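Written below as structure tokens is the structure these notes are about.
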Amino acid sequence: MTRPWLLAFLCLLLFMMPLSVRSQEWSGVLAPSRAIDWSRTGVVGGIPTNRTQCVTSACRTVTAAGASSTAAQIQAAISSARRNTYVLLPSGTYKLTSGLTWNAKNGVTLRGAGANQTFLIFSAYAGCQGLTAPICFESSDTNYWGSPSNLANWTANYSVGTTSITLDSVTNLLVGWPLTLDQRDDLSTADTGDIFVCYTPRVACSANGDNGGGPRIGRSQQQIVTVTSITGTGPYTVGISPGLYMPNWVASKAPQAWWPTHPVFEDGVEDLSIDASAASPQTNVGMFNCVGCYANGITSIHPKRSHIQIFQSIHCTVQNSYFYLTGSSASVNYGVETIPASDSLIQNNIFEAVQAPYPATGTCSGCVYSYNFDVNELYDNNGDYAWQNQSGFPHAVGDEHILYEGNIGAGIYSDNFHGTHQFQTAFRNAYNGFQQNNGTVTHGSGTSPMLINSFSRFYNIIGNVLGSTALAHKNYELNAGNLGTVPAGSEIYSIGLGGGVRSDPNTARTLMRWGNYDVVTATVRWCGNSSDPGWTTICANTSEVPSTIANFANPVPASTSLPASFYLSLAPSWWPSGTPWPPIGPDVTGGNVSICVGGANTGAYVTSGSQCPSGTLSSMGGHINEIPAMACYLNTMGGPPTGTGGVLSFDASNCYGQAQRRQTHPAPNKP
């Protein structure tokens with residue numbers, strides 16, 4: 001007899017299968033060779049809304065005991081809960097002396113009464129297969145880059161988009177299991193100027209080497225997929241979803257596949273607050289070999305390294321949440337960290353006093369970071385707060401096909417500390433390049449909203465609003481050709497500079513810029529060619545569309561019209577009815593967001609003069625409306641525009657209503 005949960009999962013796999021005729025939201029703007037289908041990121045079909053309350057005796061004990069429940073009692077409730085149920089923690093403060101684990105426990109949610117009502121105070125954490133976290137969703141086996149549980153040679157079928165590969169072994173592999181694909185890196189001497197996956201330190205492609213991104217040694221390019229079918233008696237034909245993203249998979253680099261024996265599926269935590277500052281765990285929520293795990297509507301307070309780690313996982317979602325403060329406020333302090341992951345969604349979150357809000361510290365193939373608001377990227381350099389950290393960090397060798405959309409914050413820092421990156425897209429973001437750091441006005445080389453360092457290739461920067469009138473952003477671009485004449489930090493774009501390795505002219509050669517507004521030119525740039533409808537003298541007869549490059553060229557778009565989103569077909573369910581959609585971009589007029597110029601809050605994003613005392617408002621051309629996370633922070637939570645001060649009271653339902661529990665975004669159509 002077919003198990004009901006298995007039947008449901010197989011139905012979900014239908015949603016994950018590719019549509020050969022499906023029109024992408026970015027069609028007509030991006031070339032298919034430079035983008036992917038981002039509509040299927042996050043938990044497949046959205047965060048579940050049909051879970052019923054767990055009613056085992058252990059679950060009833062927790063509900064009856066309320067805040068007096070011990071960690072052991074809550075753990076017993078989680079362990080006894082059936083699939084597709086939730087364990088309810090009523091309002092109160094729970095003082096817990098050990099962490100909580102979902103060890104190969106599937107489809108169970110820990111739910112509070114709201115992040116401003118249910119408070120979990122941890123004085124200890126769980127081991128979490130090495131992650132150390134008070135909330136831990138983990139496989140029962142330690143499958144990671146240093147010790148794969150199962151390993152096979154990938155012997156055939158490497159074409160981009162393919163959904164069927166050939167393996168020489170499928171031991172312990174089942175339909176629905178996550179499967180990590182990787183291959184050998186490029187040699188540092190083999191750079192052709194196009195795709196280049198390399199981390200050789202201080203020789204050709206990175207400043208430090210890959211010392212934390214999570215790949216197997218010398219095998220940095222990764223994509224985690226889901227198994228949809230297994231046939232044959234050896235060799236085996238294995239169906240995968242999604243298809244292959246990168247076009248450079250090749251037999252000569254010895255592709256392989258590896259996977260856990262007992263992954264964990266569809267676990268979640270929502271509507272509660274997590275404070276483990278006394279325990280100082282590596283992360284507050286750990287997702288280890290997860291498929292479809294999630295955090296929704298939570299407050300997370302002051303972990304040692306990162307608020308959430310999505311480790312060797314796929315289709316995870318972190319949304320509608322508030323993250324406050326990290327570690328020592330120094331280097332390696334993160335918000336939501338993918339290390340590594342694929343097809344995961346980090347959406348509609350607030351990051352306050354977090355050094356690096358959403359870094360891809362491990363490869364994050366096909367991930368989406370969207371509609372997040374960050375303020376005060378707190379970085380303490382031995383008491384010096386002058387440095388500006390950015391919002392998004394393509395940080396690991398092999399990062400590719402990430403979408404940043406609709407965010408309001410500091411900017412993108414595509415570094416080359418750990419290696420090379422390809423095919424990143426920034427669409428309809430508002431990045432000012434500079435905010436106050438712990439109340440100090442930042443300055444110097446870190447204040448560019450778009451720091452695209454060497455070996456960051458085939459990037460797409462479309463429809464963004466960039467720069468700050470509160471800072472001396474007086475130059476459009478800093479590159480190797482004008483280094484020394486353009487002061488570092490005064491530019492909108494820093495393109496192709498080395499930062500410990502040689503500068504890379506291929507960063508600029510492969511870069512696409514289209515329809516961005518910046519404060520230096522104070523207009524929207526449509527610099528394709530002189531026959532384009534948006535071409536103006538501001539383009540200085542220079543194309544910013546790589547339409548003539550040999551590989552992965554992007555034709556000049558036929559019009560200046562842009563879609564509302566590159567991954568959503570319509571506004572998500574949690575989008576307030578009175579908030580314009582899309583909120584940011586060259587086609588947005590009369591936006592309600594300004595930058596505060598002068599006074600105590602200079603440099604901050606604000607929506608009223610009262611938030612900018614003794615200063616003036618700069619409207620940024622009227623191209624920015626507040627996103628829900630920003631409105632929640634400034635208006636509902638009463639957060640200071642500079643992000644200084646203590647942790648605030650947050651509840652997702654107060655900001656987004658009950659819609660915050662609904663599906664993450666419209667489910668894809670059935671094939």
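So you can find residues: chains in the structure tokens are A, B, ... in the order shown, residues in each start at 1, and ligands are numbered from 1 in order.
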How would you write, as a short mmCIF file (atom, residue, chain, number, x, y, z; two decimals) with C-alpha atoms, in the first residue's frame, the set of residues in region 378-554 of chain A that DSSP gives as strand (DSSP E or B)?
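result_23.cif, freshly written:
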```
data_model
loop_
_atom_site.label_atom_id
_atom_site.label_comp_id
_atom_site.auth_asym_id
_atom_site.auth_seq_id
_atom_site.Cartn_x
_atom_site.Cartn_y
_atom_site.Cartn_z
CA ASN A 381 37.49 46.57 14.01
CA ASP A 384 36.95 51.35 14.82
CA GLY A 392 24.89 40.29 0.01
CA PHE A 393 28.18 38.43 -0.29
CA PRO A 394 28.98 36.08 -3.14
CA ASP A 399 28.85 30.65 -6.34
CA GLU A 400 26.61 30.85 -9.38
CA LEU A 403 19.28 36.20 -7.66
CA TYR A 404 19.19 39.30 -5.42
CA GLU A 405 15.82 41.03 -5.84
CA ILE A 408 16.86 47.53 0.59
CA GLY A 409 20.23 47.80 2.26
CA ILE A 412 26.65 43.67 -2.92
CA TYR A 413 30.25 42.69 -2.22
CA SER A 414 31.39 40.03 -4.67
CA HIS A 421 31.99 33.51 -9.02
CA GLN A 422 29.75 33.51 -12.10
CA THR A 425 21.83 38.77 -10.95
CA ALA A 426 20.80 41.87 -9.01
CA PHE A 427 17.31 43.11 -9.92
CA ALA A 430 17.92 49.75 -3.49
CA TYR A 431 21.53 49.69 -2.33
CA GLN A 436 26.04 54.11 9.72
CA ASN A 437 28.06 51.44 11.52
CA THR A 440 29.64 56.05 12.92
CA VAL A 441 29.40 57.45 9.41
CA MET A 450 28.32 47.42 -6.16
CA LEU A 451 31.73 45.95 -5.35
CA ILE A 452 32.23 43.43 -8.15
CA SER A 456 33.19 37.82 -10.83
CA ARG A 457 31.97 37.16 -14.34
CA ASN A 460 23.56 41.03 -14.54
CA ILE A 461 22.75 44.31 -12.75
CA ILE A 462 19.25 45.32 -13.84
CA VAL A 465 18.62 52.21 -7.50
CA LEU A 466 22.19 52.79 -6.39
CA ASN A 475 32.14 58.87 -9.62
CA TYR A 476 30.29 56.33 -11.70
CA GLU A 477 32.92 53.60 -11.79
CA LEU A 478 36.25 52.58 -10.30
CA LEU A 483 42.65 53.41 -10.17
CA VAL A 486 39.07 57.92 -8.71
CA GLU A 491 32.06 55.24 -6.91
CA ILE A 492 28.79 53.47 -7.65
CA TYR A 493 30.53 50.48 -9.22
CA SER A 494 33.92 49.00 -8.37
CA ILE A 495 34.59 46.63 -11.24
CA MET A 512 25.51 43.53 -18.08
CA ARG A 513 24.03 46.77 -16.75
CA TRP A 514 20.56 47.86 -17.88
CA ASN A 516 19.80 51.25 -13.29
CA TYR A 517 19.38 54.61 -11.58
CA ASP A 518 22.41 56.02 -9.78
CA THR A 523 19.10 59.35 -14.21
CA VAL A 524 18.29 55.87 -15.50
CA ARG A 525 20.89 54.42 -17.86
#
```
Please tabulate, as a tab-separated table, the residues of region 310-404 of chain A that come within 8 Å of region 639-657 of chain A, each with its closest pair of atoms and the distance in Å to one decimal, counting only C-alpha atoms and ordering rows by chain, then residue number upward.
```
residue	atom	partner	partner_atom	distance
A:Asn320	CA	A:Ala652	CA	6.1
A:Ser321	CA	A:Ala652	CA	7.0
A:Tyr322	CA	A:Phe650	CA	7.0
A:Tyr324	CA	A:Val647	CA	6.3
A:Glu352	CA	A:Gly643	CA	5.9
A:Ala353	CA	A:Gly643	CA	6.5
A:Val375	CA	A:Gly643	CA	5.3
A:Asn376	CA	A:Gly643	CA	5.0
```
Separation of CA of Gly161 (chain A) and CA of Leu179 (chain A), in Å?
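Between CA of Gly161 (chain A) and CA of Leu179 (chain A) the gap is 16.0 Å.
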note - CA of Pro148 (chain A) and CA of Arg305 (chain A) are separated by 24.4 Å
Practice prompt. Show which residues sit within 9 Å of Thr469 (chain A), as a PyMOL selection string. Count only C-alpha atoms, and ignore same-chain residues fewer than 3 positions away.
Written response: chain A and resi 432+472-473+519-520+595-597+603+618+620
- Item | Pick from A:Tyr369, A:Gly130, A:Gly193, A:Asn635 nearest to Thr510 (chain A), counting only C-alpha atoms |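 Looking at the shortest contact to Thr510 (chain A), the residue is A:Gly193.
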* Asked: Between A:Gly268, A:Gly127, A:Gly467, A:Pro255, which has the minimum distance to Gln319 (chain A) (counting only C-alpha atoms)?
  ->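 The closest residue to Gln319 (chain A) is A:Gly268.
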Of A:Val197, A:Ala341, A:Val175, A:Ile165, the one nearest to Gln256 (chain A) when counting only C-alpha atoms is A:Ile165
### Message
List the spatial neighbours of Asn103 (chain A) as a ChimeraX atom specification - criterion: any atom at most 6 Å away, only C-alpha atoms, same-chain residues fewer than 4 positions off excluded.
### Response
/A:138-140
Produce a file of the selected residues containing N, CA, C and O atoms, as a PDB file, in the first residue's frame.
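The file below, selection-v1.pdb, is the result:
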```pdb
ATOM      1  N   GLU A 138      18.530  17.760  11.335  1.00  0.00           N
ATOM      2  CA  GLU A 138      19.734  17.071  10.882  1.00  0.00           C
ATOM      3  C   GLU A 138      19.440  15.679  10.371  1.00  0.00           C
ATOM      4  O   GLU A 138      18.514  15.000  10.814  1.00  0.00           O
ATOM      5  N   SER A 139      20.238  15.247   9.401  1.00  0.00           N
ATOM      6  CA  SER A 139      20.244  13.851   8.991  1.00  0.00           C
ATOM      7  C   SER A 139      20.860  13.021  10.111  1.00  0.00           C
ATOM      8  O   SER A 139      21.604  13.535  10.951  1.00  0.00           O
ATOM      9  N   SER A 140      20.579  11.724  10.114  1.00  0.00           N
ATOM     10  CA  SER A 140      21.145  10.868  11.153  1.00  0.00           C
ATOM     11  C   SER A 140      22.574  10.463  10.852  1.00  0.00           C
ATOM     12  O   SER A 140      23.277   9.953  11.723  1.00  0.00           O
TER      13      SER A 140
END
```
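Of the listed residues A:Ile350, A:Leu100, A:Ala204, A:Ala251, the one whose atoms come nearest to Trp154 (chain A) is A:Ala251, with distances taken using only C-alpha atoms.
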Residue with the minimum atom-to-atom distance to Gly496 (chain A), picked from A:Gly411, A:Ile624, A:Cys205, A:Cys632 with only C-alpha atoms counted, is A:Cys205
Item to check | Picked from region 30-137 of chain A by DSSP as helix (DSSP H, G or I), as a ChimeraX atom specification | outcome: /A:32-34,38-40,57-68,71-80,128-130
**Study point:** Contacts of Leu88 (chain A) within 8 Å, only C-alpha atoms, excl. fewer than 5 positions in-chain, as an NGL selection string
**Key:** :A and (53-54 or 59 or 62-63 or 110-113)
(message) At a cut-off of 12 Å, using only C-alpha atoms, what residues contact Gly598 (chain A)? Leave out same-chain residues fewer than 2 positions from it and give the result as number ranges by chain.
(response) A: 441, 468-471, 595-596, 600-604, 609, 611-618
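Minimum atom-to-atom distances from A:Asn348, A:Thr442, A:Ser147, A:Thr61 to Asn389 (chain A) were compared using only C-alpha atoms, and the lowest value belongs to A:Thr442.
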With only C-alpha atoms as the counted atoms, please give the residues lying no more than 12 Å from Ala133 (chain A), apart from itself and same-chain residues fewer than 6 positions off, as a compact mmCIF listing (two decimals) with all heavy atoms, in the first residue's frame.
```
# COMPACT_ATOMS: atom_id res chain seq x y z
N SER A 98 19.18 22.40 27.24
CA SER A 98 19.79 21.61 26.16
C SER A 98 19.12 22.00 24.85
O SER A 98 18.03 22.59 24.84
CB SER A 98 19.64 20.11 26.40
OG SER A 98 18.28 19.73 26.40
N GLY A 99 19.79 21.68 23.74
CA GLY A 99 19.23 21.99 22.44
C GLY A 99 18.17 21.00 22.02
O GLY A 99 17.98 19.94 22.65
N LEU A 100 17.45 21.33 20.93
CA LEU A 100 16.37 20.50 20.41
C LEU A 100 16.77 20.00 19.03
O LEU A 100 17.21 20.78 18.18
CB LEU A 100 15.07 21.31 20.31
CG LEU A 100 14.61 21.98 21.61
CD1 LEU A 100 13.40 22.89 21.34
CD2 LEU A 100 14.27 20.95 22.68
N THR A 101 16.62 18.70 18.78
CA THR A 101 17.05 18.11 17.51
C THR A 101 15.92 17.36 16.83
O THR A 101 15.09 16.74 17.48
CB THR A 101 18.23 17.15 17.72
OG1 THR A 101 17.81 16.06 18.56
CG2 THR A 101 19.41 17.85 18.35
N TRP A 102 15.92 17.44 15.50
CA TRP A 102 15.04 16.64 14.65
C TRP A 102 15.97 15.67 13.91
O TRP A 102 16.33 15.89 12.76
CB TRP A 102 14.33 17.52 13.64
CG TRP A 102 13.19 18.38 14.11
CD1 TRP A 102 11.88 18.26 13.72
CD2 TRP A 102 13.24 19.53 14.96
NE1 TRP A 102 11.12 19.26 14.29
CE2 TRP A 102 11.93 20.05 15.07
CE3 TRP A 102 14.25 20.16 15.68
CZ2 TRP A 102 11.61 21.16 15.84
CZ3 TRP A 102 13.94 21.27 16.44
CH2 TRP A 102 12.64 21.76 16.52
N PHE A 122 18.02 29.61 25.66
CA PHE A 122 18.85 28.41 25.74
C PHE A 122 20.14 28.72 26.50
O PHE A 122 20.82 29.71 26.22
CB PHE A 122 19.22 27.92 24.34
CG PHE A 122 18.08 27.30 23.58
CD1 PHE A 122 17.29 28.07 22.74
CD2 PHE A 122 17.81 25.95 23.69
CE1 PHE A 122 16.25 27.50 22.02
CE2 PHE A 122 16.76 25.36 22.99
CZ PHE A 122 15.98 26.15 22.15
N SER A 123 20.48 27.84 27.41
CA SER A 123 21.79 27.91 28.08
C SER A 123 22.74 26.84 27.57
O SER A 123 23.86 26.71 28.05
CB SER A 123 21.62 27.77 29.60
OG SER A 123 20.98 26.54 29.92
N ALA A 124 22.28 26.06 26.59
CA ALA A 124 23.10 25.01 25.96
C ALA A 124 22.57 24.79 24.55
O ALA A 124 21.51 25.31 24.18
CB ALA A 124 23.07 23.72 26.77
N TYR A 125 23.30 24.01 23.77
CA TYR A 125 22.90 23.77 22.39
C TYR A 125 23.10 22.30 22.05
O TYR A 125 23.71 21.54 22.80
CB TYR A 125 23.68 24.66 21.43
CG TYR A 125 25.18 24.66 21.64
CD1 TYR A 125 25.98 23.57 21.29
CD2 TYR A 125 25.81 25.78 22.20
CE1 TYR A 125 27.34 23.58 21.49
CE2 TYR A 125 27.18 25.80 22.39
CZ TYR A 125 27.94 24.70 22.04
OH TYR A 125 29.29 24.71 22.23
N ALA A 126 22.58 21.91 20.88
CA ALA A 126 22.78 20.56 20.37
C ALA A 126 24.03 20.51 19.51
O ALA A 126 24.46 21.52 18.95
CB ALA A 126 21.56 20.13 19.55
N GLY A 127 24.61 19.32 19.37
CA GLY A 127 25.80 19.16 18.55
C GLY A 127 25.54 19.41 17.08
O GLY A 127 26.37 19.97 16.37
N ILE A 274 14.20 33.00 19.61
CA ILE A 274 15.32 32.15 20.02
C ILE A 274 16.45 33.05 20.53
O ILE A 274 16.97 33.88 19.78
CB ILE A 274 15.84 31.29 18.86
CG1 ILE A 274 14.72 30.43 18.27
CG2 ILE A 274 17.01 30.42 19.30
CD1 ILE A 274 15.08 29.82 16.94
N ASP A 275 16.82 32.87 21.78
CA ASP A 275 17.95 33.61 22.36
C ASP A 275 18.89 32.59 23.00
O ASP A 275 18.58 32.00 24.04
CB ASP A 275 17.45 34.61 23.40
CG ASP A 275 18.57 35.48 23.97
OD1 ASP A 275 19.76 35.19 23.68
OD2 ASP A 275 18.26 36.43 24.70
N ALA A 276 20.02 32.38 22.34
CA ALA A 276 21.02 31.44 22.87
C ALA A 276 22.32 32.16 23.16
O ALA A 276 23.39 31.55 23.15
CB ALA A 276 21.24 30.30 21.89
N SER A 277 22.24 33.47 23.44
CA SER A 277 23.46 34.25 23.65
C SER A 277 24.26 33.73 24.83
O SER A 277 25.49 33.81 24.84
CB SER A 277 23.11 35.72 23.84
OG SER A 277 22.13 35.91 24.85
N ALA A 279 24.60 30.63 25.63
CA ALA A 279 25.25 29.38 25.22
C ALA A 279 26.30 29.61 24.13
O ALA A 279 27.21 28.81 23.97
CB ALA A 279 24.21 28.40 24.71
N SER A 280 26.16 30.68 23.36
CA SER A 280 27.09 31.04 22.28
C SER A 280 27.27 29.91 21.27
O SER A 280 28.39 29.46 21.01
CB SER A 280 28.45 31.45 22.86
OG SER A 280 29.25 32.06 21.87
N PRO A 281 26.17 29.46 20.64
CA PRO A 281 26.31 28.41 19.62
C PRO A 281 26.85 28.99 18.33
O PRO A 281 26.83 30.21 18.10
CB PRO A 281 24.87 27.94 19.43
CG PRO A 281 24.06 29.19 19.68
CD PRO A 281 24.78 29.93 20.78
N GLN A 282 27.29 28.12 17.45
CA GLN A 282 27.74 28.57 16.14
C GLN A 282 26.60 29.21 15.37
O GLN A 282 26.78 30.22 14.68
CB GLN A 282 28.31 27.39 15.36
CG GLN A 282 28.83 27.75 13.97
CD GLN A 282 29.54 26.58 13.30
OE1 GLN A 282 30.03 25.69 13.96
NE2 GLN A 282 29.58 26.60 11.99
N THR A 283 25.40 28.63 15.47
CA THR A 283 24.23 29.15 14.77
C THR A 283 22.99 28.89 15.62
O THR A 283 22.97 27.95 16.43
CB THR A 283 24.09 28.51 13.38
OG1 THR A 283 23.00 29.09 12.68
CG2 THR A 283 23.86 27.00 13.48
N ASN A 284 21.95 29.70 15.47
CA ASN A 284 20.73 29.48 16.25
C ASN A 284 19.83 28.43 15.65
O ASN A 284 19.11 27.74 16.37
CB ASN A 284 19.97 30.80 16.43
CG ASN A 284 20.49 31.61 17.60
OD1 ASN A 284 21.40 31.18 18.32
ND2 ASN A 284 19.92 32.78 17.81
N VAL A 285 19.81 28.31 14.32
CA VAL A 285 19.04 27.27 13.64
C VAL A 285 19.96 26.60 12.63
O VAL A 285 20.47 27.26 11.72
CB VAL A 285 17.79 27.83 12.93
CG1 VAL A 285 17.04 26.70 12.23
CG2 VAL A 285 16.88 28.54 13.92
N GLY A 286 20.17 25.31 12.79
CA GLY A 286 20.99 24.55 11.86
C GLY A 286 20.15 23.63 11.00
O GLY A 286 19.28 22.92 11.52
N MET A 287 20.36 23.68 9.69
CA MET A 287 19.69 22.78 8.75
C MET A 287 20.77 21.96 8.07
O MET A 287 21.55 22.49 7.27
CB MET A 287 18.88 23.58 7.72
CG MET A 287 17.84 24.50 8.33
SD MET A 287 16.94 25.45 7.06
CE MET A 287 15.88 26.47 8.10
N PHE A 288 20.83 20.67 8.36
CA PHE A 288 21.94 19.81 7.94
C PHE A 288 21.40 18.67 7.11
O PHE A 288 20.67 17.82 7.62
CB PHE A 288 22.67 19.30 9.18
CG PHE A 288 23.95 18.55 8.90
CD1 PHE A 288 25.17 19.21 8.91
CD2 PHE A 288 23.94 17.20 8.63
CE1 PHE A 288 26.35 18.52 8.67
CE2 PHE A 288 25.11 16.49 8.39
CZ PHE A 288 26.32 17.16 8.41
N SER A 300 15.57 35.89 16.08
CA SER A 300 16.81 35.20 16.45
C SER A 300 17.78 36.23 16.99
O SER A 300 18.01 37.27 16.37
CB SER A 300 17.40 34.49 15.22
OG SER A 300 18.66 33.92 15.52
N PRO A 303 23.65 34.90 18.01
CA PRO A 303 24.48 33.68 18.00
C PRO A 303 25.95 34.06 17.85
O PRO A 303 26.29 35.22 17.63
CB PRO A 303 23.97 32.93 16.78
CG PRO A 303 23.56 34.04 15.86
CD PRO A 303 23.01 35.14 16.73
N LYS A 304 26.81 33.07 17.93
CA LYS A 304 28.25 33.33 17.83
C LYS A 304 28.69 33.64 16.42
O LYS A 304 29.48 34.56 16.18
CB LYS A 304 29.02 32.12 18.36
CG LYS A 304 30.54 32.30 18.36
CD LYS A 304 31.23 31.07 18.95
CE LYS A 304 32.73 31.24 18.98
NZ LYS A 304 33.41 30.04 19.56
N ARG A 305 28.19 32.88 15.42
CA ARG A 305 28.64 33.04 14.04
C ARG A 305 27.52 33.51 13.12
O ARG A 305 27.63 34.55 12.49
CB ARG A 305 29.22 31.73 13.51
CG ARG A 305 29.59 31.78 12.03
CD ARG A 305 30.08 30.43 11.53
NE ARG A 305 30.14 30.40 10.07
CZ ARG A 305 31.27 30.36 9.36
NH1 ARG A 305 32.44 30.36 9.97
NH2 ARG A 305 31.23 30.31 8.05
N SER A 306 26.43 32.74 13.03
CA SER A 306 25.35 33.08 12.11
C SER A 306 24.01 32.69 12.71
O SER A 306 23.91 31.75 13.49
CB SER A 306 25.55 32.39 10.76
OG SER A 306 25.69 31.00 10.90
N HIS A 307 22.98 33.42 12.31
CA HIS A 307 21.64 33.14 12.85
C HIS A 307 21.09 31.82 12.33
O HIS A 307 20.50 31.05 13.08
CB HIS A 307 20.70 34.29 12.51
CG HIS A 307 20.96 35.52 13.32
ND1 HIS A 307 20.40 35.72 14.56
CD2 HIS A 307 21.76 36.59 13.10
CE1 HIS A 307 20.82 36.88 15.05
NE2 HIS A 307 21.64 37.43 14.18
N ILE A 308 21.27 31.57 11.04
CA ILE A 308 20.80 30.32 10.44
C ILE A 308 21.88 29.82 9.49
O ILE A 308 22.43 30.60 8.71
CB ILE A 308 19.47 30.51 9.70
CG1 ILE A 308 18.35 30.86 10.69
CG2 ILE A 308 19.11 29.26 8.90
CD1 ILE A 308 16.99 31.03 10.06
N GLN A 309 22.19 28.53 9.59
CA GLN A 309 23.07 27.89 8.62
C GLN A 309 22.28 26.84 7.84
O GLN A 309 21.70 25.92 8.42
CB GLN A 309 24.26 27.23 9.30
CG GLN A 309 25.35 28.20 9.70
CD GLN A 309 26.65 27.50 10.05
OE1 GLN A 309 26.76 26.28 9.99
NE2 GLN A 309 27.66 28.28 10.43
N ILE A 310 22.26 27.02 6.52
CA ILE A 310 21.67 26.03 5.62
C ILE A 310 22.83 25.25 5.04
O ILE A 310 23.53 25.72 4.15
CB ILE A 310 20.82 26.72 4.54
CG1 ILE A 310 19.77 27.63 5.18
CG2 ILE A 310 20.14 25.68 3.65
CD1 ILE A 310 18.98 28.46 4.17
```
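Reported to one decimal place, the separation of CA of Phe311 (chain A) from CA of Ile339 (chain A) is 4.9 Å.
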